[in-house]
Number of protein chains: 4
Amino acid sequence: MRAIIKARAGRGLELAERVRPEPGPRDALIRMNAVGICGTDVHIYDWDAWSAGRIKPPVIVGHEFVGVVEAVGRDVAHIEAGTRISGEGHITCGHCRFCRTGRGHICRDVKIIGIDRDGCFAEYMAMPADNLWPVPDEISDRHAAVFDPLGNAMHSVNATEVSGRSVLVIGAGAVGLFAVAVARASGASRVLVSEPNATKRQIALKVGADIVFDPFNDGIDGPILEATDGLGPEVVFEMSGATAGLTSAFRLVQNGGDVVLLGLPAEHVAVNWSEDIIFKGITIHAVSGRRMFDTWYRSQQFLLGGRVDIDPILTHDIAMEDFEKGFQALLAGEAVKVTMRV
Amino acid sequence: MRAIIKARAGRGLELAERVRPEPGPRDALIRMNAVGICGTDVHIYDWDAWSAGRIKPPVIVGHEFVGVVEAVGRDVAHIEAGTRISGEGHITCGHCRFCRTGRGHICRDVKIIGIDRDGCFAEYMAMPADNLWPVPDEISDRHAAVFDPLGNAMHSVNATEVSGRSVLVIGAGAVGLFAVAVARASGASRVLVSEPNATKRQIALKVGADIVFDPFNDGIDGPILEATDGLGPEVVFEMSGATAGLTSAFRLVQNGGDVVLLGLPAEHVAVNWSEDIIFKGITIHAVSGRRMFDTWYRSQQFLLGGRVDIDPILTHDIAMEDFEKGFQALLAGEAVKVTMRV
Amino acid sequence: MRAIIKARAGRGLELAERVRPEPGPRDALIRMNAVGICGTDVHIYDWDAWSAGRIKPPVIVGHEFVGVVEAVGRDVAHIEAGTRISGEGHITCGHCRFCRTGRGHICRDVKIIGIDRDGCFAEYMAMPADNLWPVPDEISDRHAAVFDPLGNAMHSVNATEVSGRSVLVIGAGAVGLFAVAVARASGASRVLVSEPNATKRQIALKVGADIVFDPFNDGIDGPILEATDGLGPEVVFEMSGATAGLTSAFRLVQNGGDVVLLGLPAEHVAVNWSEDIIFKGITIHAVSGRRMFDTWYRSQQFLLGGRVDIDPILTHDIAMEDFEKGFQALLAGEAVKVTMRV
Amino acid sequence: MRAIIKARAGRGLELAERVRPEPGPRDALIRMNAVGICGTDVHIYDWDAWSAGRIKPPVIVGHEFVGVVEAVGRDVAHIEAGTRISGEGHITCGHCRFCRTGRGHICRDVKIIGIDRDGCFAEYMAMPADNLWPVPDEISDRHAAVFDPLGNAMHSVNATEVSGRSVLVIGAGAVGLFAVAVARASGASRVLVSEPNATKRQIALKVGADIVFDPFNDGIDGPILEATDGLGPEVVFEMSGATAGLTSAFRLVQNGGDVVLLGLPAEHVAVNWSEDIIFKGITIHAVSGRRMFDTWYRSQQFLLGGRVDIDPILTHDIAMEDFEKGFQALLAGEAVKVTMRV
């Protein structure tokens with residue numbers, strides 16, 4: 001079968017022929033319809049420090065997908081061949097304290113598809129059937145392919161309250177933009193977005209932002225305080241992972257407010273704990289992965305109810321063979337979310 | 001000055017001349033612009049059992065209002081004459097355990113304007129300046145006049161989580177309809193409404209309901225279960241106070257769901273605690289009044305951000321002199337929210 | 001093997017010989033050390049209306065246990081023979097919405113051991129290995145045998161906040177008494193207990209109650225209000241299932257307080273929703289089963305840390321052959337928790 | 001009257017004669033019985049960078065106190081002369097968004113007694129009557145004098161859940177030790193304490209710690225992981241303000257756990273956000289001041305119920321004239337909490 005693989009240490013990916021996997025007793029074999037390229041895949045393409053430390057080539061990459069169950073293993077009774085599914089790419093151990101308390105998203109021994117084992121940028125993939133998510137007919141392949149990053153945004157927004165509160169989203173990549181859409185649809189009374197890329201700022205306005213800022217040219221403190229009665233936003237979503245994003249989040253958030261952290265800083269970042277965090281009495285919510293499967297239910301209900309319009313975020317749709325074009329568009333900041341037909 | 005008063009025990013209200021009140025040292029004197037008629041006012045008009053037990057005539061009725069500060073008492077420094085304001089009609093003691101812990105809405109010694117002391121259906125009213133809410137210019141008098149019932153709905157919706165969850169609202173009176181609008185704007189993924197009055201069902205659809213039911217003719221269990229994958233709604237708002245509303249709320253709510261109670265049953269109601277409540281592991285949130293002033297901030301931010309369209313709920317606008325028409329329209333079920341120009 | 005069974009419809013239980021079960025692929029076979037008799041087992045002995053509707057004889061009864069893994073099925077890798085274990089008696093479907101969101105305790109298709117399938121009052125029992133709970137050496141067999149009802153109490157106390165708050169426990173059966181111990185150890189500033197049985201009141205005092213009342217002779221309202229500054233307790237645990245318990249819980253709870261419901265009323269119960277619930281702005285938490293496995297971790301940590309002394313609650317320890325004595329002591333109100341050596 | 005004042009910029013304090021204050025219309029005049037020396041007072045004595053930037057000499061210092069109402073202003077009706085009281089030293093504006101939503105502890109315009117205006121190390125002090133806290137006879141003067149720091153600890157512990165969870169307290173100064181006592185009394189299943197001062201470690205053991213560590217000599221990571229099944233503590237209270245305390249808190253806390261921050265770092269501190277915070281999915285609660293007056297009620301109920309033994313923390317009791325001895329003992333690390341008789 002065809003698959004996109006990281007064949008060896010170093011930059012780039014390649015299209016290769018691989019043996020179609022066999023499902024284990026509790027696995028399902030999935031024939032892919034469509035997949036999405038995540039920022040993590042771009043890091044793997046780029047072979048940054050994190051990738052070099054974590055990825056053991058050769059491995060098939062990719063973890064955002066929709067497909068159809070082709071076959072199931074001996075012990076799988078609750079799902080059958082022919083079912084259209086997406087799925088959670090975090091394969092949890094099932095037995096640690098976190099898995100046994102409904103918190104598999106912070107499992108200590110998680111294996112992620114496309115990172116720690118073969119992923120979904122392939123014609124077929126085998127994975128535990130318990131990770132699958134049956135997709136209703138009303139949801140398109142492109143939407144189902146991005147359940148994973150939409151779920152990150154849903155998890156972030158549900159980490160705190162946004163209804164009737166002012167919100168600042170720092171960083172309008174794919175997850176940041178999904179967060180804009182979800183926060184707006186969840187009642188955020190004012191949605192402010194800080195993002196240096198003009199294309200992404202335009203998309204932010206389309207999916208629900210009220211005001212957008214270029215943090216490098218606009219200076220964000222003045223306009224943001226002006227838009228929030230001088231008090232700062234009640235909720236800040238830090239989705240950039242940038243040092244300036246993190247320090248701005250704490251400097252700007254309102255007393256008693258909430259900061260949700262999802263963007264991953266590459267380095268240690270120093271902040272003013274006393275003035276910007278402790279005296280303000282804020283709460284900080286660190287968000288990793290997606291709640292299994294609470295965020296999946298909520299995301300699906302949002303899509304079925306037409307509560308969010310995510311199409312402006314899905315900027316590119318290409319064939320899997322053209323993957324280089326997709327990665328280049330992402331690296332150039334021209335694309336936000338690229339889906340690929342398999 | 002002119003005022004609408006309950007002059008004596010018995011049905012009806014009357015327009016009368018009353019002496020303009022003098023503000024005390026910590027009071028403000030308010031010149032009214034507009035007022036809203038609440039269901040409670042209709043009960044007082046009707047002189048039901050509750051009214052007969054609580055109201056001591058003669059008293060000026062009414063507690064929903066917007067006006068302009070005419071003068072302030074000796075000790076009032078933070079608000080000045082000329083400010084347009086609405087206000088919280090619950091005058092709290094300030095010293096009980098509930099007041100001292102930010103929960104004035106359940107103060108043990110609360111006095112309500114228009115019930116326990118003179119209210120706002122008058123050209124002027126005096127009340128504690130700490131109860132006032134300055135209104136931005138962008139909010140119209142009609143909207144500002146209904147901050148109180150909109151706040152009840154906001155308090156109800158904020159009592160639990162609705163983002164990405166299915167919601168059933170039982171009873172589409174004014175507060176029920178405000179709750180429909182607020183729940184929809186706060187991300188409820190599906191909003192179902194049960195209401196026997198066809199006019200109110202139509203308004204429910206206009207302000208955000210996805211599906212409406214006539215509980216007497218449609219039979220609600222079948223359609224509601226069908227609309228919620230056979231599991232029932234995740235959140236139920238009981239806004240009717242009807243016996244059947246209460247028992248339906250518990251019978252239909254999903255396992256692990258939330259029931260928010262705001263409607264006031266006139267009598268004791270028996271429910272199936274074991275099957276409908278305890279085995280289901282649900283949570284019940286009783287809502288009284290409005291959180292001071294958290295719900296005011298959120299309601300205002302909703303209005304300023306244009307997140308809700310409440311105009312379809314404000315069915316009638318009349319002059320205070322025509323109050324009889326307003327009460328008759330409400331009693332006939334033709335009106336939902338009647339505002340009066342003073 | 002020997003087992004205590006409900007052989008046929010009607011009162012009583014009997015000791016019988018049964019075939020030792022074979023574990024399925026994902027099961028473990030357990031050799032029992034000790035078991036506990038639950039109030040539910042007494043209902044089954046008694047053959048009350050609930051039992052007659054639910055139990056399909058013949059069935060081995062019992063669901064509180066500690067034993068040693070004798071053998072495991074083909075697909076069990078995370079636990080091995082020789083491990084001492086207790087276990088969760090609710091066997092969940094694993095695939096419904098509740099199971100998929102970490103809420104197996106409200107699974108729609110739960111099967112309970114000793115009720116819907118053979119239970120633990122036997123020399124051996126087979127059940128899913130995922131339900132087992134390895135027990136540290138520091139915890140005795142008698143304590144491990146009651147992890148289940150101690151978990152009900154832990155689930156109840158963790159449903160709300162008790163630290164620095166006044167607590168009333170209505171009904172001092174085994175779970176009520178465990179709740180007394182857990183609430184006291186969790187910082188309840190005053191623990192009041194209402195219980196008609198004098199023996200149980202004495203045990204309540206031993207495990208942490210500050211004041212105990214006989215609701216039939218003392219009249220509870222006066223003394224309870226006196227003990228709570230006239231405001232009523234901030235948290236009420238209704239563990240009796242009695243009609244008077246339920247109505248007292250709502251009548252007495254403080255404004256803004258919490259009522260936790262665990263006792264199961266046999267019939268519909270009417271309460272004063274407006275005065276006792278809605279105007280008070282309280283929150284009601286319905287508790288069913290035990291959070292898997294959050295309450296198990298917490299209960300174990302409580303036992304390991306010596307935070308609770310539950311020995312006074314474990315009033316009787318008998319051999320399984322003497323089960324009649326245990327049931328008679330429970331029916332007579334002489335025993336609270338009876339454990340049996342297998 | 002006699003008072004301890006910061007007379008001018010620079011190190012030290014002095015005993016001086018000052019004019020007895022006159023209460024304003026909403027004030028009470030208090031005759032002091034006893035006061036407590038806070039770490040903040042030691043900073044003011046020391047004239048550190050923070051003090052030099054904030055304090056405007058001359059000012060009477062001190063904010064922990066108990067006394068008797070000597071007289072009340074014209075508009076004070078709810079409290080009368082002769083009442084024994086403690087009081088909240090944060091004088092809030094009453095009109096900002098935070099004050100209007102029950103969050104006066106994060107008021108934007110707070111004035112603190114002994115810092116921004118004259119404090120309580122004096123024979124008399126005048127302050128708003130709404131800030132006073134009547135003290136029951138059962139509570140001694142020494143206990144009532146430390147309601148303020150005990151409240152900081154109560155606020156910290158109530159910021160998250162500790163019942164049945166493992167807890168690490170970093171820094172065993174007075175508030176840290178109060179937190180040890182409150183966490184233990186609130187059901188923390190294991191209380192670990194990291195503190196370099198041997199005397200304070202001994203007190204920690206007396207008030208509820210299970211294990212104490214010297215972070216400089218013991219190396220805390222190994223022993224703490226060993227005491228928590230290799231997972232780290234579920235809750236960490238950072239009460240030291242030290243750089244190493246902050247980084248240890250995040251490095252050690254369990255996945256999905258809670259970090260409560262009260263200690264104030266003097267400088268910006270860099271932490272590993274990705275590995276120690278975001279991937280772990282933790283929640284961080286910043287705690288400032290005391291919830292008015294929720295923490296006062298809970299602290300009082302703890303003291304009345306005898307739930308905590310705080311006497312080992314109150315290491316020194318001296319006459320106000322001997323204040324130098326108290327400050328020297330605190331600076332030398334010999335004293336934890338010094339109370340002074342006025």
# chains A, B, ... in the order shown; residues from 1 in each chain; ligands from 1
$ residues_around --residues "B:Glu334" --least-positions-apart "5" --cutoff "10 Å" --atoms "only C-alpha atoms" --output "list in words"
Asn197, Ala198, Thr199, Lys200, Thr315, His316, Gly326, Gln328 and Ala329 of chain B
$ interface_residues --of "chain A" --to "chain D" --cutoff "10 Å" --atoms "only C-alpha atoms" --output "PyMOL selection string"
chain A and resi 97-98+103+105-108+159+231+241+246+254-256+258-289
$ select_by_dssp --residues "stretch 177-338 of chain C" --states "alpha helix (DSSP H)" --output "ChimeraX atom specification"
/C:177-185,198-207,221-227,243-252,294-304,323-331
$ atom_distance --atom1 "atom CA of C:Asp317" --atom2 "atom CA of C:Ile112"
24.3 Å
$ residues_around --residues "A:Arg165" --least-positions-apart "4" --cutoff "9 Å" --atoms "only C-alpha atoms" --output "VMD selection string"
(chain A and resid 161 187 to 190 233 to 235) or (chain B and resid 297 to 298 301 to 302)
$ write_last_selection --atoms "N, CA, C and O atoms" --output "PDB file, in the first residue's frame"
ATOM      1  N   GLU A 161     -15.105  28.663  31.630  1.00  0.00           N
ATOM      2  CA  GLU A 161     -16.392  29.213  31.193  1.00  0.00           C
ATOM      3  C   GLU A 161     -16.164  30.353  30.222  1.00  0.00           C
ATOM      4  O   GLU A 161     -15.380  31.260  30.532  1.00  0.00           O
ATOM      5  N   GLY A 187     -20.625  31.371  23.360  1.00  0.00           N
ATOM      6  CA  GLY A 187     -21.137  32.523  24.082  1.00  0.00           C
ATOM      7  C   GLY A 187     -20.123  33.551  24.514  1.00  0.00           C
ATOM      8  O   GLY A 187     -20.480  34.485  25.247  1.00  0.00           O
ATOM      9  N   ALA A 188     -18.867  33.416  24.068  1.00  0.00           N
ATOM     10  CA  ALA A 188     -17.904  34.470  24.401  1.00  0.00           C
ATOM     11  C   ALA A 188     -18.479  35.799  23.923  1.00  0.00           C
ATOM     12  O   ALA A 188     -18.884  35.932  22.767  1.00  0.00           O
ATOM     13  N   SER A 189     -18.516  36.790  24.805  1.00  0.00           N
ATOM     14  CA  SER A 189     -19.222  38.033  24.472  1.00  0.00           C
ATOM     15  C   SER A 189     -18.384  38.929  23.575  1.00  0.00           C
ATOM     16  O   SER A 189     -18.912  39.798  22.891  1.00  0.00           O
ATOM     17  N   ARG A 190     -17.078  38.732  23.622  1.00  0.00           N
ATOM     18  CA  ARG A 190     -16.184  39.458  22.717  1.00  0.00           C
ATOM     19  C   ARG A 190     -14.989  38.557  22.480  1.00  0.00           C
ATOM     20  O   ARG A 190     -14.427  38.016  23.429  1.00  0.00           O
ATOM     21  N   PRO A 233      -8.965  40.853  29.150  1.00  0.00           N
ATOM     22  CA  PRO A 233      -9.945  39.795  28.865  1.00  0.00           C
ATOM     23  C   PRO A 233     -10.110  38.845  30.055  1.00  0.00           C
ATOM     24  O   PRO A 233      -9.159  38.609  30.798  1.00  0.00           O
ATOM     25  N   GLU A 234     -11.315  38.314  30.194  1.00  0.00           N
ATOM     26  CA  GLU A 234     -11.582  37.392  31.303  1.00  0.00           C
ATOM     27  C   GLU A 234     -10.976  36.015  31.063  1.00  0.00           C
ATOM     28  O   GLU A 234     -10.682  35.294  32.010  1.00  0.00           O
ATOM     29  N   VAL A 235     -10.836  35.648  29.804  1.00  0.00           N
ATOM     30  CA  VAL A 235     -10.243  34.351  29.472  1.00  0.00           C
ATOM     31  C   VAL A 235      -9.217  34.577  28.363  1.00  0.00           C
ATOM     32  O   VAL A 235      -9.499  35.287  27.393  1.00  0.00           O
TER      33      VAL A 235
ATOM     34  N   TYR B 297     -23.202  41.681  34.644  1.00  0.00           N
ATOM     35  CA  TYR B 297     -22.078  41.883  33.725  1.00  0.00           C
ATOM     36  C   TYR B 297     -22.230  41.003  32.493  1.00  0.00           C
ATOM     37  O   TYR B 297     -22.048  41.436  31.366  1.00  0.00           O
ATOM     38  N   ARG B 298     -22.562  39.738  32.716  1.00  0.00           N
ATOM     39  CA  ARG B 298     -22.646  38.820  31.574  1.00  0.00           C
ATOM     40  C   ARG B 298     -23.803  39.192  30.644  1.00  0.00           C
ATOM     41  O   ARG B 298     -23.675  39.136  29.424  1.00  0.00           O
ATOM     42  N   GLN B 301     -22.765  42.166  28.617  1.00  0.00           N
ATOM     43  CA  GLN B 301     -21.793  41.835  27.588  1.00  0.00           C
ATOM     44  C   GLN B 301     -22.475  41.076  26.439  1.00  0.00           C
ATOM     45  O   GLN B 301     -22.112  41.249  25.280  1.00  0.00           O
ATOM     46  N   PHE B 302     -23.454  40.246  26.749  1.00  0.00           N
ATOM     47  CA  PHE B 302     -24.234  39.580  25.697  1.00  0.00           C
ATOM     48  C   PHE B 302     -24.957  40.596  24.824  1.00  0.00           C
ATOM     49  O   PHE B 302     -24.955  40.495  23.591  1.00  0.00           O
TER      50      PHE B 302
END
$ residues_around --residues "D:Phe178" --least-positions-apart "4" --cutoff "10 Å" --atoms "only C-alpha atoms" --output "list in words"
Pro149, Leu150, Gly151, Asn152, Ala153, Met154, Val157, Ala172, Gly173, Ala174, Val182, Ala183, Arg184, Ala204, Val207, Gly208, Val308, Asp309, Ile310 and Ile313 of chain D
$ write_last_selection --atoms "N, CA, C and O atoms" --output "short mmCIF file (atom, residue, chain, number, x, y, z; two decimals), in the first residue's frame"
data_model
loop_
_atom_site.label_atom_id
_atom_site.label_comp_id
_atom_site.auth_asym_id
_atom_site.auth_seq_id
_atom_site.Cartn_x
_atom_site.Cartn_y
_atom_site.Cartn_z
N PRO D 149 -3.84 35.16 58.69
CA PRO D 149 -3.00 34.16 58.00
C PRO D 149 -3.64 32.77 57.97
O PRO D 149 -3.41 32.01 57.02
N LEU D 150 -4.42 32.44 59.00
CA LEU D 150 -5.14 31.16 58.94
C LEU D 150 -6.10 31.18 57.75
O LEU D 150 -6.28 30.18 57.05
N GLY D 151 -6.68 32.35 57.49
CA GLY D 151 -7.57 32.49 56.34
C GLY D 151 -6.84 32.34 55.01
O GLY D 151 -7.38 31.78 54.05
N ASN D 152 -5.59 32.82 54.93
CA ASN D 152 -4.81 32.59 53.71
C ASN D 152 -4.67 31.10 53.45
O ASN D 152 -4.79 30.64 52.31
N ALA D 153 -4.40 30.36 54.51
CA ALA D 153 -4.22 28.91 54.37
C ALA D 153 -5.55 28.24 53.99
O ALA D 153 -5.60 27.37 53.12
N MET D 154 -6.63 28.67 54.62
CA MET D 154 -7.94 28.11 54.31
C MET D 154 -8.31 28.39 52.85
O MET D 154 -8.79 27.52 52.14
N VAL D 157 -6.28 26.02 50.66
CA VAL D 157 -6.73 24.62 50.66
C VAL D 157 -8.08 24.50 49.95
O VAL D 157 -8.32 23.55 49.20
N ALA D 172 7.46 26.00 55.05
CA ALA D 172 6.71 25.88 56.30
C ALA D 172 6.88 27.11 57.17
O ALA D 172 7.20 27.03 58.35
N GLY D 173 6.66 28.28 56.59
CA GLY D 173 6.46 29.48 57.38
C GLY D 173 5.09 29.41 58.02
O GLY D 173 4.42 28.38 57.99
N ALA D 174 4.63 30.52 58.59
CA ALA D 174 3.36 30.48 59.31
C ALA D 174 2.21 30.05 58.41
O ALA D 174 1.44 29.14 58.75
N VAL D 182 -4.57 22.69 58.02
CA VAL D 182 -5.88 22.71 57.38
C VAL D 182 -6.01 21.58 56.36
O VAL D 182 -7.05 20.92 56.26
N ALA D 183 -4.95 21.33 55.60
CA ALA D 183 -5.00 20.26 54.60
C ALA D 183 -5.18 18.91 55.30
O ALA D 183 -5.98 18.07 54.87
N ARG D 184 -4.42 18.71 56.38
CA ARG D 184 -4.56 17.44 57.10
C ARG D 184 -5.98 17.29 57.64
O ARG D 184 -6.61 16.24 57.49
N ALA D 204 5.83 21.24 61.73
CA ALA D 204 5.00 20.64 60.68
C ALA D 204 4.53 19.25 61.11
O ALA D 204 3.35 18.90 60.94
N VAL D 207 1.67 19.50 63.62
CA VAL D 207 0.36 19.98 63.19
C VAL D 207 -0.22 19.16 62.04
O VAL D 207 -1.26 19.52 61.50
N GLY D 208 0.43 18.03 61.69
CA GLY D 208 -0.25 17.14 60.75
C GLY D 208 0.56 16.58 59.61
O GLY D 208 0.05 15.74 58.85
N VAL D 308 -8.44 21.85 64.13
CA VAL D 308 -7.01 22.07 63.95
C VAL D 308 -6.40 22.49 65.28
O VAL D 308 -7.04 23.15 66.09
N ASP D 309 -5.16 22.07 65.48
CA ASP D 309 -4.39 22.52 66.64
C ASP D 309 -3.31 23.44 66.11
O ASP D 309 -2.30 22.99 65.57
N ILE D 310 -3.54 24.75 66.26
CA ILE D 310 -2.58 25.70 65.69
C ILE D 310 -1.59 26.21 66.73
O ILE D 310 -0.68 26.97 66.40
N ILE D 313 2.15 26.43 66.17
CA ILE D 313 2.61 27.43 65.20
C ILE D 313 2.81 28.79 65.87
O ILE D 313 3.61 29.60 65.42
#
$ atom_distance --atom1 "atom CA of A:Ile113" --atom2 "atom CA of A:His90"
6.8 Å
$ atom_distance --atom1 "atom CA of C:Arg291" --atom2 "atom CA of C:Tyr45"
27.2 Å
$ residues_around --residues "C:Ser194" --least-positions-apart "3" --cutoff "10 Å" --atoms "only C-alpha atoms" --output "PyMOL selection string"
chain C and resi 168-172+197+200-201+204+211-216+218-220+224+238+240+245
$ residues_around --residues "D:Arg117" --least-positions-apart "2" --cutoff "9 Å" --atoms "only C-alpha atoms" --output "list in words"
Ile55, Lys56, Val59, Ile60, Val61, Lys111, Ile112, Ile113, Gly114, Ile115 and Gly119 of chain D
$ write_last_selection --atoms "C-alpha atoms" --output "tab-separated table (two decimals), in the first residue's frame"
chain	number	residue	atom	x	y	z
D	55	ILE	CA	5.22	52.16	52.01
D	56	LYS	CA	4.92	55.92	52.56
D	59	VAL	CA	2.71	54.77	59.02
D	60	ILE	CA	1.58	52.50	61.84
D	61	VAL	CA	2.31	48.92	60.74
D	111	LYS	CA	-6.01	49.62	50.60
D	112	ILE	CA	-4.34	47.41	53.18
D	113	ILE	CA	-4.06	48.45	56.82
D	114	GLY	CA	-0.48	48.68	58.03
D	115	ILE	CA	0.70	49.15	54.46
D	119	GLY	CA	-2.45	49.56	60.88
$ residues_around --residues "A:Arg54" --least-positions-apart "5" --cutoff "10 Å" --atoms "only C-alpha atoms" --output "PDB file with all heavy atoms, in the first residue's frame"
ATOM      1  N   ILE A  44       7.722  17.184  12.239  1.00  0.00           N
ATOM      2  CA  ILE A  44       8.389  15.922  11.890  1.00  0.00           C
ATOM      3  C   ILE A  44       9.032  16.046  10.502  1.00  0.00           C
ATOM      4  O   ILE A  44      10.155  15.585  10.281  1.00  0.00           O
ATOM      5  CB  ILE A  44       7.390  14.749  11.943  1.00  0.00           C
ATOM      6  CG1 ILE A  44       6.882  14.562  13.386  1.00  0.00           C
ATOM      7  CG2 ILE A  44       8.033  13.459  11.413  1.00  0.00           C
ATOM      8  CD1 ILE A  44       5.752  13.561  13.531  1.00  0.00           C
ATOM      9  N   ALA A  49      14.182  19.684  16.917  1.00  0.00           N
ATOM     10  CA  ALA A  49      14.818  19.008  18.055  1.00  0.00           C
ATOM     11  C   ALA A  49      13.865  17.994  18.698  1.00  0.00           C
ATOM     12  O   ALA A  49      14.252  16.875  19.052  1.00  0.00           O
ATOM     13  CB  ALA A  49      15.258  20.043  19.093  1.00  0.00           C
ATOM     14  N   ILE A 115       3.557   8.910  15.445  1.00  0.00           N
ATOM     15  CA  ILE A 115       4.700   9.405  16.221  1.00  0.00           C
ATOM     16  C   ILE A 115       5.442   8.205  16.830  1.00  0.00           C
ATOM     17  O   ILE A 115       6.588   7.951  16.507  1.00  0.00           O
ATOM     18  CB  ILE A 115       4.231  10.396  17.310  1.00  0.00           C
ATOM     19  CG1 ILE A 115       3.748  11.693  16.640  1.00  0.00           C
ATOM     20  CG2 ILE A 115       5.351  10.676  18.309  1.00  0.00           C
ATOM     21  CD1 ILE A 115       3.131  12.695  17.571  1.00  0.00           C
ATOM     22  N   ASP A 116       4.734   7.474  17.676  1.00  0.00           N
ATOM     23  CA  ASP A 116       5.355   6.337  18.359  1.00  0.00           C
ATOM     24  C   ASP A 116       5.105   5.014  17.640  1.00  0.00           C
ATOM     25  O   ASP A 116       5.706   3.999  17.976  1.00  0.00           O
ATOM     26  CB  ASP A 116       4.818   6.244  19.792  1.00  0.00           C
ATOM     27  CG  ASP A 116       5.040   7.532  20.559  1.00  0.00           C
ATOM     28  OD1 ASP A 116       6.189   8.004  20.597  1.00  0.00           O
ATOM     29  OD2 ASP A 116       4.064   8.085  21.098  1.00  0.00           O
TER      30      ASP A 116
END
$ closest_residue --among "B:Glu138, B:Glu195, B:Asp109, B:Glu64" --to "B:Gly36" --atoms "only C-alpha atoms"
B:Glu64
$ closest_residue --among "B:Met292, B:Leu304, B:Val66, B:Ala335" --to "B:Pro136" --atoms "only C-alpha atoms"
B:Leu304
$ select_by_dssp --residues "stretch 217-330 of chain C" --states "strand (DSSP E)" --output "JSON, numbers by chain"
{"C": [235, 236, 237, 238, 258, 259, 260, 261, 269, 270, 271, 283, 284, 285, 286, 316, 317, 318, 319]}
$ closest_residue --among "C:Arg341, C:His78, C:Arg20, C:His143" --to "C:Met32" --atoms "only C-alpha atoms"
C:Arg341
$ closest_residue --among "D:Leu132, D:Val35, D:Leu177, D:Ala144" --to "D:Gln300" --atoms "only C-alpha atoms"
D:Ala144
